[in-house]
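All remarks here apply to the structure that follows.
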Amino acid sequence: MYLPEINFLNINNLPDILRINAKSGCPWSEEIIRADLQNESNNEITYIGAFATNTEASLLGYAVLGREKKTGLLMALNVDKNFQRMGIGTQLLIAVSDCAMYLNMKRLKLRVRKSNSGAIALYSQMSFKGETVRRGYYSNGEDAIVMSASLPLNFRIKL
């Protein structure tokens, strides 16, 4: 397991976020990310990043926490392809859950592609349970599984 440095992201991290975002299964537009980071959106959104601990301090992955009433919403979790399967997604998820609890949220919810078995396995390991299926949720028509978990998360990390 790789232990990155976890920090909040800001507009200065935009190029690295866009680099990772471009290779995700459902990339967001630069305009949306820029507005979020500049607090131009009306949503209360937090970007959290995992950084390499070497001198380069490059962004390895990021997560986006939003809100739906008193529930946290994991809006995105993207890890650079070269650093997947190293525990970085797990650590970002833990950071998101800690942030959500700090904001007095009692649950964390997410939507995941039905075909994304790796992510579904990670979320299940972190105590998320499937609730419903949103038919045709993604732009390509793929279904999304809506999963949620009570906070704090109940998980076991495999070393």
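Residue names in the structure tokens use chain letters A, B, ... in the order shown, residue numbers from 1 in each chain, and ligand numbers from 1 in the order shown.
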
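Excluding Leu74 of chain A itself and any same-chain residue fewer than 3 positions from it, the protein and nucleic acid residues within 8 Å of it, counting only C-alpha atoms, are Ala63, Val64, Leu65, Gly66, Leu77, Val96, Leu108, Lys109, Leu110 and Arg111 of chain A.
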
Writer output for current selection, C-alpha atoms, as a PDB file, in the first residue's frame:
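again_21.pdb, written as the output of this step:
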```pdb
ATOM      1  CA  ALA A  63     -12.222  12.721  -4.806  1.00  0.00           C
ATOM      2  CA  VAL A  64     -15.108  15.179  -4.861  1.00  0.00           C
ATOM      3  CA  LEU A  65     -17.524  15.522  -1.948  1.00  0.00           C
ATOM      4  CA  GLY A  66     -20.866  17.213  -2.486  1.00  0.00           C
ATOM      5  CA  LEU A  77     -13.218   9.299  -7.209  1.00  0.00           C
ATOM      6  CA  VAL A  96     -13.977  12.020   2.150  1.00  0.00           C
ATOM      7  CA  LEU A 108     -22.357   9.018   2.406  1.00  0.00           C
ATOM      8  CA  LYS A 109     -23.955   8.196  -0.930  1.00  0.00           C
ATOM      9  CA  LEU A 110     -22.510   7.578  -4.406  1.00  0.00           C
ATOM     10  CA  ARG A 111     -23.390   6.475  -7.907  1.00  0.00           C
TER      11      ARG A 111
END
```

Which residues come within 12 Å of Ala22 of chain A, counting only C-alpha atoms, excluding same-chain residues fewer than 5 positions away, as an NGL selection string? :A and (14-17 or 27-30 or 33 or 78-81)

Could you list, as number ranges by chain, every residue within 7 Å of segment 146-155 of chain A, counting only C-alpha atoms and ignoring same-chain residues fewer than 5 positions away? A: 97, 101, 106-112, 125-133

Could you write out, as a PyMOL selection string, all the residues of segment 91-140 of chain A that DSSP marks as alpha helix (DSSP H)? chain A and resi 91-102+117-125

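Closest approach to Met86 of chain A among A:Tyr137, A:Glu68, A:Pro4, A:Thr46 is made by A:Pro4 (distances from only C-alpha atoms).
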
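For the pair atom CA of Gly89 of chain A and atom CA of Glu142 of chain A, the separation is 22.5 Å.
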
Output as number ranges by chain all residues of chain A that backbone DSSP marks as strand (DSSP E). A: 5-8, 46-51, 59-68, 71-79, 107-113, 129-134, 144-150

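The nearest approach to Ala76 of chain A among the residues A:Ser24, A:Gln38, A:Ser139, A:Asn12, with only C-alpha atoms taken into account, belongs to A:Ser24.
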
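Note that atom CA of Glu31 of chain A and atom CA of Arg135 of chain A are 26.6 Å apart.
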
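The smallest atom-to-atom distance between Phe51 of chain A and any of A:Cys99, A:Leu3, A:Leu73, A:Leu18, using only C-alpha atoms, is found for A:Leu3.
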